[in-house]
>>> print(open('target_17.cif').read())   # mmCIF, C-alpha atoms
data_structure
#
loop_
_atom_site.label_atom_id
_atom_site.label_comp_id
_atom_site.auth_asym_id
_atom_site.auth_seq_id
_atom_site.Cartn_x
_atom_site.Cartn_y
_atom_site.Cartn_z
CA MET A 1038 0.00 0.00 0.00
CA ARG A 1039 1.19 3.53 -0.65
CA THR A 1040 2.31 5.73 2.26
CA SER A 1041 -0.94 7.67 2.65
CA LEU A 1042 -2.93 4.42 2.91
CA ASN A 1043 -0.53 3.10 5.54
CA GLU A 1044 -1.09 6.34 7.43
CA ILE A 1045 -4.87 5.85 7.25
CA ASN A 1046 -4.37 2.30 8.48
CA ALA A 1047 -2.35 3.53 11.46
CA ILE A 1048 -4.96 6.18 12.36
CA GLU A 1049 -7.67 3.53 12.11
CA ALA A 1050 -5.84 1.18 14.50
CA TRP A 1051 -5.35 4.09 16.92
CA HIS A 1052 -9.01 5.20 16.60
CA PHE A 1053 -10.50 1.74 17.22
CA GLN A 1054 -7.81 0.69 19.69
CA GLN A 1055 -6.75 -2.24 17.53
CA GLY A 1056 -3.36 -3.88 17.04
CA GLU A 1057 -0.27 -3.73 19.19
CA LEU A 1058 -0.15 -1.19 22.01
CA PRO A 1059 3.38 0.10 21.15
CA ASP A 1060 2.22 0.84 17.58
CA ARG A 1061 -0.83 2.72 18.83
CA LEU A 1062 1.24 4.73 21.30
CA LEU A 1063 3.64 5.65 18.52
CA THR A 1064 0.72 6.81 16.33
CA GLU A 1065 -0.69 8.79 19.24
CA ALA A 1066 2.66 10.51 19.79
CA GLN A 1067 2.85 11.35 16.09
CA ILE A 1068 -0.70 12.73 16.11
CA LEU A 1069 0.06 14.90 19.12
CA SER A 1070 3.27 16.28 17.65
CA ASN A 1071 2.18 16.68 14.02
CA PRO A 1072 -0.66 19.19 13.40
CA GLN A 1073 -1.29 17.86 9.86
CA LEU A 1074 -1.66 14.31 11.10
CA LYS A 1075 -3.88 15.56 13.92
CA GLU A 1076 -6.17 17.15 11.34
CA LYS A 1077 -6.30 13.93 9.34
CA ALA A 1078 -7.16 11.93 12.47
CA LYS A 1079 -9.96 14.39 13.24
CA TRP A 1080 -11.50 14.07 9.77
CA GLN A 1081 -11.09 10.31 9.80
CA SER A 1082 -12.99 10.08 13.10
CA ALA A 1083 -15.73 12.28 11.62
CA THR A 1084 -15.84 9.98 8.58
CA TYR A 1085 -16.40 6.90 10.76
CA ASP A 1086 -19.28 8.70 12.43
CA LEU A 1087 -20.87 9.60 9.08
CA VAL A 1088 -20.40 6.08 7.70
CA LYS A 1089 -22.18 4.75 10.79
CA GLN A 1090 -25.05 7.17 10.19
CA TYR A 1091 -25.21 6.09 6.55
CA GLY A 1092 -25.40 2.42 7.60
CA ARG A 1093 -28.04 3.21 10.20
CA ASP A 1094 -30.17 5.11 7.68
CA LYS A 1095 -29.91 2.19 5.27
CA LEU A 1096 -30.98 -0.31 7.93
CA LEU A 1097 -33.90 1.92 8.95
CA HIS A 1098 -34.98 2.10 5.31
CA GLU A 1099 -34.94 -1.72 5.10
CA ILE A 1100 -36.91 -2.01 8.34
CA ARG A 1101 -39.58 0.39 7.10
CA LYS A 1102 -39.82 -1.47 3.80
CA VAL A 1103 -40.38 -4.79 5.59
CA GLU A 1104 -42.91 -3.17 7.93
CA LYS A 1105 -44.85 -1.71 5.01
CA GLN A 1106 -45.00 -5.14 3.37
CA LEU A 1107 -46.18 -6.77 6.58
CA PHE A 1108 -48.98 -4.28 6.98
CA THR A 1109 -50.13 -4.18 3.36
CA VAL A 1110 -49.36 -7.42 1.50
CA PRO A 1111 -52.29 -9.93 1.58
CA LYS A 1112 -50.10 -12.93 2.42
CA TYR A 1113 -49.50 -11.38 5.88
CA ARG A 1114 -53.22 -11.02 6.53
CA SER A 1115 -53.21 -13.07 9.74
CA PHE A 1116 -50.46 -10.85 11.19
CA GLN A 1117 -52.39 -7.72 10.19
CA ASP A 1118 -55.59 -9.05 11.79
CA ARG A 1119 -53.75 -9.95 14.97
CA ILE A 1120 -52.28 -6.45 15.34
CA ARG A 1121 -55.57 -4.79 14.41
CA SER A 1122 -57.38 -6.80 17.09
CA ILE A 1123 -54.92 -5.58 19.74
CA PHE A 1124 -55.78 -1.94 19.04
CA LYS A 1125 -59.54 -2.56 18.64
CA ARG A 1126 -59.98 -3.77 22.22
CA MET B 392 -24.98 -11.83 6.48
CA THR B 393 -27.29 -12.00 9.44
CA PHE B 394 -28.04 -9.85 12.45
CA LEU B 395 -25.82 -12.03 14.54
CA ASN B 396 -22.98 -12.82 12.20
CA ASN B 397 -20.34 -12.11 14.80
CA ARG B 398 -21.58 -14.50 17.43
CA PRO B 399 -18.83 -16.96 18.39
CA ASN B 400 -21.00 -19.94 17.52
CA GLY B 401 -22.50 -18.22 14.48
CA GLU B 402 -26.02 -19.11 15.55
CA ASN B 403 -29.11 -17.03 15.12
CA MET B 404 -30.61 -16.93 18.59
CA LEU B 405 -33.37 -14.51 17.74
CA VAL B 406 -35.99 -17.02 16.79
CA LYS B 407 -35.44 -20.71 17.15
CA GLU B 408 -36.40 -22.11 13.79
CA LYS B 409 -35.05 -25.03 11.88
CA SER B 410 -34.17 -23.06 8.77
CA LYS B 411 -31.62 -20.33 9.36
CA PRO B 412 -32.63 -16.98 7.80
CA ARG B 413 -30.33 -15.91 5.00
CA THR B 414 -30.75 -12.18 4.64
CA ARG B 415 -31.04 -9.19 6.90
CA GLU B 416 -34.53 -8.65 5.49
CA ASP B 417 -35.51 -12.17 6.61
CA GLN B 418 -34.20 -11.39 10.07
CA ILE B 419 -36.19 -8.16 10.26
CA LEU B 420 -39.32 -10.01 9.17
CA MET B 421 -38.80 -12.66 11.83
CA CYS B 422 -38.32 -9.98 14.49
CA TYR B 423 -41.61 -8.38 13.50
CA LYS B 424 -43.52 -11.66 13.53
CA ALA B 425 -42.07 -12.81 16.84
CA VAL B 426 -41.89 -9.63 18.91
CA PHE B 427 -44.06 -6.89 17.37
CA PRO B 428 -47.39 -8.35 18.64
CA VAL B 429 -45.98 -8.46 22.20
CA ALA B 430 -44.75 -4.86 21.83
CA ALA B 431 -48.12 -3.77 20.43
CA SER B 432 -50.00 -5.31 23.40
CA TYR B 433 -47.60 -3.57 25.79
CA VAL B 434 -48.08 -0.17 24.13
CA ARG B 435 -51.85 -0.65 23.99
CA ARG B 436 -51.96 -1.28 27.75
CA GLN B 437 -50.00 1.96 28.23
CA GLY B 438 -52.52 3.89 26.13
CA GLY B 439 -50.32 4.19 23.04
CA SER B 440 -51.19 3.74 19.38
CA LEU B 441 -50.13 1.48 16.52
CA GLU B 442 -48.11 4.38 15.07
CA ASP B 443 -46.28 4.77 18.39
CA THR B 444 -45.47 1.06 18.38
CA GLN B 445 -44.17 1.17 14.83
CA GLU B 446 -41.96 4.19 15.43
CA VAL B 447 -40.40 2.83 18.61
CA PHE B 448 -40.08 -0.73 17.26
CA GLN B 449 -38.07 0.55 14.28
CA GLN B 450 -35.64 2.26 16.66
CA ALA B 451 -35.49 -0.83 18.89
CA LEU B 452 -34.53 -2.99 15.91
CA VAL B 453 -31.71 -0.60 14.97
CA ALA B 454 -30.40 -0.64 18.55
CA PHE B 455 -30.70 -4.42 18.75
CA TYR B 456 -28.88 -4.83 15.44
CA GLU B 457 -26.02 -2.57 16.48
CA ARG B 458 -25.59 -4.33 19.82
CA SER B 459 -25.66 -7.76 18.22
CA GLN B 460 -22.90 -6.72 15.77
CA ASN B 461 -20.56 -6.12 18.68
CA VAL B 462 -18.30 -9.15 19.16
CA MET B 463 -18.49 -8.61 22.91
CA PHE B 464 -22.29 -8.85 22.84
CA GLN B 465 -23.37 -11.61 25.22
CA PRO B 466 -27.00 -11.17 26.19
CA GLU B 467 -28.00 -12.92 29.35
CA GLN B 468 -31.58 -13.35 28.21
CA GLU B 469 -32.99 -14.94 25.11
CA ASP B 470 -32.88 -12.56 22.17
CA GLN B 471 -36.63 -12.03 21.90
CA ALA B 472 -36.73 -10.93 25.53
CA TYR B 473 -33.65 -8.79 24.94
CA LEU B 474 -35.28 -7.02 21.99
CA MET B 475 -38.43 -6.50 24.05
CA GLY B 476 -36.28 -5.03 26.85
CA ILE B 477 -34.76 -2.52 24.41
CA PHE B 478 -38.24 -1.72 23.13
CA LYS B 479 -39.56 -1.01 26.64
CA ASN B 480 -36.64 1.30 27.44
CA LEU B 481 -37.13 3.23 24.21
CA TRP B 482 -40.89 3.37 24.79
CA ILE B 483 -40.35 5.01 28.19
CA LYS B 484 -38.02 7.58 26.60
CA HIS B 485 -40.47 8.13 23.73
CA ARG B 486 -43.34 8.79 26.14
CA SER B 487 -41.43 11.13 28.40
CA HIS B 488 -40.02 13.00 25.40
CA SER B 489 -43.47 13.33 23.81
CA GLN B 490 -44.92 14.70 27.03
CA ARG B 491 -42.05 17.15 27.62
CA PHE B 492 -41.96 18.55 24.09
CA ALA B 493 -45.59 18.17 23.08
CA HIS B 494 -45.93 21.95 22.98
CA LEU B 495 -42.92 22.56 20.77
CA ASP B 496 -42.98 22.45 17.00
CA ASP B 497 -39.97 21.54 14.88
CA PHE B 498 -37.79 20.85 17.90
CA ASP B 499 -34.45 19.62 16.63
CA LEU B 500 -33.10 17.26 19.25
CA GLU B 501 -29.69 15.78 18.47
CA ASP B 502 -29.62 12.20 19.69
CA GLU B 503 -29.35 8.67 18.36
CA LYS B 504 -32.88 8.83 17.01
CA ASN B 505 -32.64 12.30 15.53
CA PRO B 506 -29.23 13.00 14.03
CA SER B 507 -28.55 16.66 13.41
CA VAL B 508 -29.69 18.23 10.18
CA ILE B 509 -26.07 19.00 9.25
CA LYS B 510 -25.07 15.38 9.76
CA GLN B 511 -27.90 14.22 7.53
CA LYS B 512 -26.92 16.75 4.86
CA LEU B 513 -23.34 15.48 4.91
CA VAL B 514 -24.48 11.87 4.67
CA GLN B 515 -26.72 12.77 1.74
CA TYR B 516 -23.87 14.62 0.02
CA LEU B 517 -21.49 11.66 0.48
CA LYS B 518 -24.11 9.30 -0.90
CA GLN B 519 -24.54 11.42 -4.02
CA SER B 520 -20.82 11.97 -4.57
CA GLY B 521 -19.85 8.31 -4.25
CA GLU B 522 -22.46 5.75 -3.29
CA ARG B 523 -20.26 2.75 -4.07
CA CYS B 524 -17.58 3.87 -1.63
CA MET B 525 -20.16 4.59 1.08
CA GLU B 526 -21.71 1.16 0.50
CA LEU B 527 -18.33 -0.51 0.80
CA LEU B 528 -17.44 1.41 3.94
CA GLN B 529 -20.77 0.83 5.69
CA SER B 530 -20.59 -2.89 4.83
CA PHE B 531 -17.32 -3.08 6.72
CA TYR B 532 -17.76 -0.58 9.55
CA TYR B 533 -21.52 -0.89 10.21
CA GLU B 534 -22.50 -4.37 9.04
CA LYS B 535 -19.12 -5.68 10.21
CA LEU B 536 -18.65 -7.94 7.21
CA SER B 537 -15.32 -9.74 6.90
CA MET B 538 -12.91 -8.92 4.06
CA LYS B 539 -13.89 -12.19 2.39
CA GLN B 540 -17.61 -11.26 2.51
CA LEU B 541 -16.75 -7.76 1.32
CA ALA B 542 -14.80 -9.12 -1.69
CA GLU B 543 -17.74 -11.36 -2.61
CA ARG B 544 -20.33 -8.61 -2.30
CA PHE B 545 -18.38 -6.06 -4.35
CA GLY B 546 -16.82 -8.44 -6.86
CA TYR B 547 -13.15 -8.21 -5.93
CA VAL B 548 -10.86 -11.12 -6.72
CA SER B 549 -9.04 -11.11 -3.40
CA GLU B 550 -9.24 -9.89 0.17
CA ARG B 551 -6.07 -7.92 -0.46
CA SER B 552 -7.60 -5.90 -3.31
CA VAL B 553 -10.75 -5.10 -1.34
CA THR B 554 -8.63 -4.06 1.66
CA VAL B 555 -6.73 -1.57 -0.52
CA GLN B 556 -10.00 -0.32 -2.03
CA LYS B 557 -11.48 0.16 1.45
CA TYR B 558 -8.59 2.42 2.44
CA LYS B 559 -8.79 4.31 -0.86
CA CYS B 560 -12.49 4.92 -0.23
CA LEU B 561 -11.78 6.01 3.32
CA GLU B 562 -9.18 8.50 2.05
CA LYS B 563 -11.57 9.82 -0.61
CA VAL B 564 -14.48 10.24 1.79
CA ARG B 565 -12.23 11.75 4.48
CA ASN B 566 -11.08 14.42 1.99
CA GLU B 567 -14.67 15.15 0.97
CA VAL B 568 -15.73 15.46 4.61
CA ARG B 569 -12.87 17.88 5.25
CA GLN B 570 -13.74 20.03 2.22
CA LYS B 571 -17.48 19.99 2.85
CA SER B 572 -17.00 20.75 6.54
CA LEU B 573 -15.96 24.30 5.69
CA GLN B 574 -19.65 24.89 5.06
CA TYR B 575 -20.73 23.13 8.24
CA GLU B 576 -18.10 24.13 10.78
CA ASP B 577 -20.34 23.67 13.79
CA PHE B 578 -20.72 19.95 13.22
CA PHE B 579 -17.08 19.30 14.02
CA GLU B 580 -16.67 21.66 16.96
#
>>> encode(input="target_17.cif", output="structure tokens")
Amino acid sequence: MRTSLNEINAIEAWHFQQGELPDRLLTEAQILSNPQLKEKAKWQSATYDLVKQYGRDKLLHEIRKVEKQLFTVPKYRSFQDRIRSIFKR
Amino acid sequence: MTFLNNRPNGENMLVKEKSKPRTREDQILMCYKAVFPVAASYVRRQGGSLEDTQEVFQQALVAFYERSQNVMFQPEQEDQAYLMGIFKNLWIKHRSHSQRFAHLDDFDLEDEKNPSVIKQKLVQYLKQSGERCMELLQSFYYEKLSMKQLAERFGYVSERSVTVQKYKCLEKVRNEVRQKSLQYEDFFE
């Protein structure tokens, strides 16, 4: 891998606390002493957060799709009747 | 690719059935069939509606999924009961939040359920600028797929090539986040 990808790899290991402790401590020291690397670590952390949100939105979309099917498709009629009866009481 | 693909024994403990569900959609369907009626009865007894149940159940499934993807996840109860426990906790929060903010319109609360508007705008921008990279990254970091599964899903010949591609995507998205953040400085404060 080229140097910049190795750097991303090192930041990732530091961020998720993976790999050998001496390697992570070395990365941490480099981040603290190198403002450019510190910036990269900051944006990489923000990226992980946004990727998580993207994955969560995708899962929520799938859940809503399944729910819509369950409440509208005729083959799930018995489920629909069961739920309807709960809220009719 | 199941809800519980990181369990040490690889078993689906959500619903004990002979045939193991194959997709995440199957798993969601099974969760609805097994637990939603119990959740609906619970909400009904508390004076809630079907819409309340649906909204909170969706959030409970997301929370359950994320917890089950953690390799350290070791629920002490059966999974159905565990999901119902999450649902009850979220229901209590939903009710207290509804009562507290019932008089406020358009209240933007930043929490797990309601990510900030800026965050959603950034996610939308990243999706439009490079959906394939976002798909690859979320498959690894959110779905926790292995490199082998990732190579299969995205058509790479080896785990090595998909590993390199993952880091290239991460670099690309990181640069886009940095550039775009100039417009949304508050998000990163």
>>> closest_residue(input="target_17.cif", among="A:Gln1081, A:Gln1055, A:Ser1070, A:Ser1122", to="chain B", atoms="all atoms listed in the file")
A:Gln1081
>>> closest_residue(input="target_17.cif", among="B:Leu528, B:Gln540, B:Glu550, B:Asp417", to="Lys1102 in chain A", atoms="all atoms listed in the file")
B:Asp417
>>> interface_residues(input="target_17.cif", of="chain B", to="chain A", cutoff="7 Å", atoms="all atoms listed in the file", output="mmCIF file with C-alpha atoms, keeping the file's coordinate frame")
data_model
loop_
_atom_site.group_PDB
_atom_site.id
_atom_site.type_symbol
_atom_site.label_atom_id
_atom_site.label_comp_id
_atom_site.auth_asym_id
_atom_site.auth_seq_id
_atom_site.Cartn_x
_atom_site.Cartn_y
_atom_site.Cartn_z
ATOM 1 C CA GLU B 416 -34.530 -8.650 5.490
ATOM 2 C CA ILE B 419 -36.190 -8.160 10.260
ATOM 3 C CA LEU B 420 -39.320 -10.010 9.170
ATOM 4 C CA PRO B 428 -47.390 -8.350 18.640
ATOM 5 C CA SER B 432 -50.000 -5.310 23.400
ATOM 6 C CA ARG B 435 -51.850 -0.650 23.990
ATOM 7 C CA GLN B 449 -38.070 0.550 14.280
ATOM 8 C CA VAL B 453 -31.710 -0.600 14.970
ATOM 9 C CA VAL B 514 -24.480 11.870 4.670
ATOM 10 C CA MET B 525 -20.160 4.590 1.080
ATOM 11 C CA LEU B 528 -17.440 1.410 3.940
ATOM 12 C CA GLN B 529 -20.770 0.830 5.690
ATOM 13 C CA TYR B 533 -21.520 -0.890 10.210
ATOM 14 C CA VAL B 555 -6.730 -1.570 -0.520
ATOM 15 C CA TYR B 558 -8.590 2.420 2.440
ATOM 16 C CA LYS B 559 -8.790 4.310 -0.860
ATOM 17 C CA VAL B 564 -14.480 10.240 1.790
ATOM 18 C CA ARG B 565 -12.230 11.750 4.480
ATOM 19 C CA VAL B 568 -15.730 15.460 4.610
ATOM 20 C CA ARG B 569 -12.870 17.880 5.250
#
>>> atom_distance(input="target_17.cif", atom1="CA of Tyr423 in chain B", atom2="CA of Arg486 in chain B")
21.4 Å
>>> residues_around(input="target_17.cif", residues="range 444-447 of chain B", least_positions_apart="6", cutoff="7 Å", atoms="only C-alpha atoms", output="PDB file with C-alpha atoms, in the frame of the given file")
ATOM      1  CA  ALA B 430     -44.750  -4.860  21.830  1.00  0.00           C
ATOM      2  CA  ALA B 431     -48.120  -3.770  20.430  1.00  0.00           C
ATOM      3  CA  VAL B 434     -48.080  -0.170  24.130  1.00  0.00           C
ATOM      4  CA  PHE B 478     -38.240  -1.720  23.130  1.00  0.00           C
ATOM      5  CA  LEU B 481     -37.130   3.230  24.210  1.00  0.00           C
ATOM      6  CA  TRP B 482     -40.890   3.370  24.790  1.00  0.00           C
TER       7      TRP B 482
END
>>> atom_distance(input="target_17.cif", atom1="CA of Glu457 in chain B", atom2="CA of Cys422 in chain B")
14.5 Å
>>> atom_distance(input="target_17.cif", atom1="CA of Asp443 in chain B", atom2="CA of Gln460 in chain B")
26.2 Å
>>> resolve_selection(input="target_17.cif", expression="the PyMOL selection byres ((chain B and resi 539) around 10)", output="MDAnalysis selection string")
chainID B and resid 536:538 540:544 547:551 553:554
>>> residues_near_point(input="target_17.cif", point="(-15.7, 1.5, -1.1)", cutoff="6 Å", atoms="all atoms listed in the file", output="PyMOL selection string")
chain B and resi 523-525+527-528+557+560
>>> build_atoms(input="target_17.cif", residues="range 1076-1096 of chain A", atoms="N, CA, C and O atoms", output="PDB file, keeping the file's coordinate frame")
ATOM      1  N   GLU A1076      -5.023  16.779  12.167  1.00  0.00           N
ATOM      2  CA  GLU A1076      -6.170  17.150  11.340  1.00  0.00           C
ATOM      3  C   GLU A1076      -6.742  15.929  10.620  1.00  0.00           C
ATOM      4  O   GLU A1076      -7.958  15.713  10.584  1.00  0.00           O
ATOM      5  N   LYS A1077      -5.853  15.124  10.055  1.00  0.00           N
ATOM      6  CA  LYS A1077      -6.300  13.930   9.340  1.00  0.00           C
ATOM      7  C   LYS A1077      -7.041  12.969  10.270  1.00  0.00           C
ATOM      8  O   LYS A1077      -8.064  12.385   9.905  1.00  0.00           O
ATOM      9  N   ALA A1078      -6.520  12.814  11.486  1.00  0.00           N
ATOM     10  CA  ALA A1078      -7.160  11.930  12.470  1.00  0.00           C
ATOM     11  C   ALA A1078      -8.553  12.448  12.828  1.00  0.00           C
ATOM     12  O   ALA A1078      -9.514  11.673  12.972  1.00  0.00           O
ATOM     13  N   LYS A1079      -8.661  13.763  12.922  1.00  0.00           N
ATOM     14  CA  LYS A1079      -9.960  14.390  13.240  1.00  0.00           C
ATOM     15  C   LYS A1079     -10.977  14.106  12.134  1.00  0.00           C
ATOM     16  O   LYS A1079     -12.107  13.694  12.406  1.00  0.00           O
ATOM     17  N   TRP A1080     -10.556  14.296  10.875  1.00  0.00           N
ATOM     18  CA  TRP A1080     -11.500  14.070   9.770  1.00  0.00           C
ATOM     19  C   TRP A1080     -11.812  12.594   9.592  1.00  0.00           C
ATOM     20  O   TRP A1080     -12.920  12.222   9.200  1.00  0.00           O
ATOM     21  N   GLN A1081     -10.839  11.754   9.917  1.00  0.00           N
ATOM     22  CA  GLN A1081     -11.090  10.310   9.800  1.00  0.00           C
ATOM     23  C   GLN A1081     -12.119   9.864  10.849  1.00  0.00           C
ATOM     24  O   GLN A1081     -13.006   9.066  10.561  1.00  0.00           O
ATOM     25  N   SER A1082     -12.009  10.397  12.052  1.00  0.00           N
ATOM     26  CA  SER A1082     -12.990  10.080  13.100  1.00  0.00           C
ATOM     27  C   SER A1082     -14.384  10.550  12.680  1.00  0.00           C
ATOM     28  O   SER A1082     -15.375   9.840  12.877  1.00  0.00           O
ATOM     29  N   ALA A1083     -14.444  11.757  12.098  1.00  0.00           N
ATOM     30  CA  ALA A1083     -15.730  12.280  11.620  1.00  0.00           C
ATOM     31  C   ALA A1083     -16.291  11.389  10.518  1.00  0.00           C
ATOM     32  O   ALA A1083     -17.505  11.149  10.443  1.00  0.00           O
ATOM     33  N   THR A1084     -15.410  10.864   9.670  1.00  0.00           N
ATOM     34  CA  THR A1084     -15.840   9.980   8.580  1.00  0.00           C
ATOM     35  C   THR A1084     -16.464   8.692   9.134  1.00  0.00           C
ATOM     36  O   THR A1084     -17.506   8.249   8.652  1.00  0.00           O
ATOM     37  N   TYR A1085     -15.837   8.111  10.158  1.00  0.00           N
ATOM     38  CA  TYR A1085     -16.400   6.900  10.760  1.00  0.00           C
ATOM     39  C   TYR A1085     -17.824   7.171  11.287  1.00  0.00           C
ATOM     40  O   TYR A1085     -18.724   6.355  11.157  1.00  0.00           O
ATOM     41  N   ASP A1086     -17.983   8.334  11.885  1.00  0.00           N
ATOM     42  CA  ASP A1086     -19.280   8.700  12.430  1.00  0.00           C
ATOM     43  C   ASP A1086     -20.333   8.822  11.318  1.00  0.00           C
ATOM     44  O   ASP A1086     -21.464   8.357  11.461  1.00  0.00           O
ATOM     45  N   LEU A1087     -19.937   9.429  10.199  1.00  0.00           N
ATOM     46  CA  LEU A1087     -20.870   9.600   9.080  1.00  0.00           C
ATOM     47  C   LEU A1087     -21.175   8.276   8.377  1.00  0.00           C
ATOM     48  O   LEU A1087     -22.308   8.057   7.946  1.00  0.00           O
ATOM     49  N   VAL A1088     -20.181   7.406   8.300  1.00  0.00           N
ATOM     50  CA  VAL A1088     -20.400   6.080   7.700  1.00  0.00           C
ATOM     51  C   VAL A1088     -21.397   5.287   8.572  1.00  0.00           C
ATOM     52  O   VAL A1088     -22.294   4.609   8.059  1.00  0.00           O
ATOM     53  N   LYS A1089     -21.248   5.419   9.878  1.00  0.00           N
ATOM     54  CA  LYS A1089     -22.180   4.750  10.790  1.00  0.00           C
ATOM     55  C   LYS A1089     -23.606   5.270  10.577  1.00  0.00           C
ATOM     56  O   LYS A1089     -24.566   4.493  10.524  1.00  0.00           O
ATOM     57  N   GLN A1090     -23.724   6.591  10.428  1.00  0.00           N
ATOM     58  CA  GLN A1090     -25.050   7.170  10.190  1.00  0.00           C
ATOM     59  C   GLN A1090     -25.635   6.698   8.861  1.00  0.00           C
ATOM     60  O   GLN A1090     -26.824   6.409   8.757  1.00  0.00           O
ATOM     61  N   TYR A1091     -24.774   6.587   7.861  1.00  0.00           N
ATOM     62  CA  TYR A1091     -25.210   6.090   6.550  1.00  0.00           C
ATOM     63  C   TYR A1091     -25.736   4.654   6.676  1.00  0.00           C
ATOM     64  O   TYR A1091     -26.799   4.321   6.150  1.00  0.00           O
ATOM     65  N   GLY A1092     -24.981   3.812   7.391  1.00  0.00           N
ATOM     66  CA  GLY A1092     -25.400   2.420   7.600  1.00  0.00           C
ATOM     67  C   GLY A1092     -26.695   2.319   8.377  1.00  0.00           C
ATOM     68  O   GLY A1092     -27.576   1.518   8.067  1.00  0.00           O
ATOM     69  N   ARG A1093     -26.824   3.190   9.372  1.00  0.00           N
ATOM     70  CA  ARG A1093     -28.040   3.210  10.200  1.00  0.00           C
ATOM     71  C   ARG A1093     -29.255   3.640   9.375  1.00  0.00           C
ATOM     72  O   ARG A1093     -30.324   3.037   9.481  1.00  0.00           O
ATOM     73  N   ASP A1094     -29.077   4.644   8.543  1.00  0.00           N
ATOM     74  CA  ASP A1094     -30.170   5.110   7.680  1.00  0.00           C
ATOM     75  C   ASP A1094     -30.605   3.998   6.717  1.00  0.00           C
ATOM     76  O   ASP A1094     -31.791   3.815   6.462  1.00  0.00           O
ATOM     77  N   LYS A1095     -29.616   3.274   6.209  1.00  0.00           N
ATOM     78  CA  LYS A1095     -29.910   2.190   5.270  1.00  0.00           C
ATOM     79  C   LYS A1095     -30.699   1.074   5.957  1.00  0.00           C
ATOM     80  O   LYS A1095     -31.670   0.553   5.406  1.00  0.00           O
ATOM     81  N   LEU A1096     -30.269   0.727   7.166  1.00  0.00           N
ATOM     82  CA  LEU A1096     -30.980  -0.310   7.930  1.00  0.00           C
ATOM     83  C   LEU A1096     -32.419   0.137   8.228  1.00  0.00           C
ATOM     84  O   LEU A1096     -33.367  -0.638   8.078  1.00  0.00           O
TER      85      LEU A1096
END
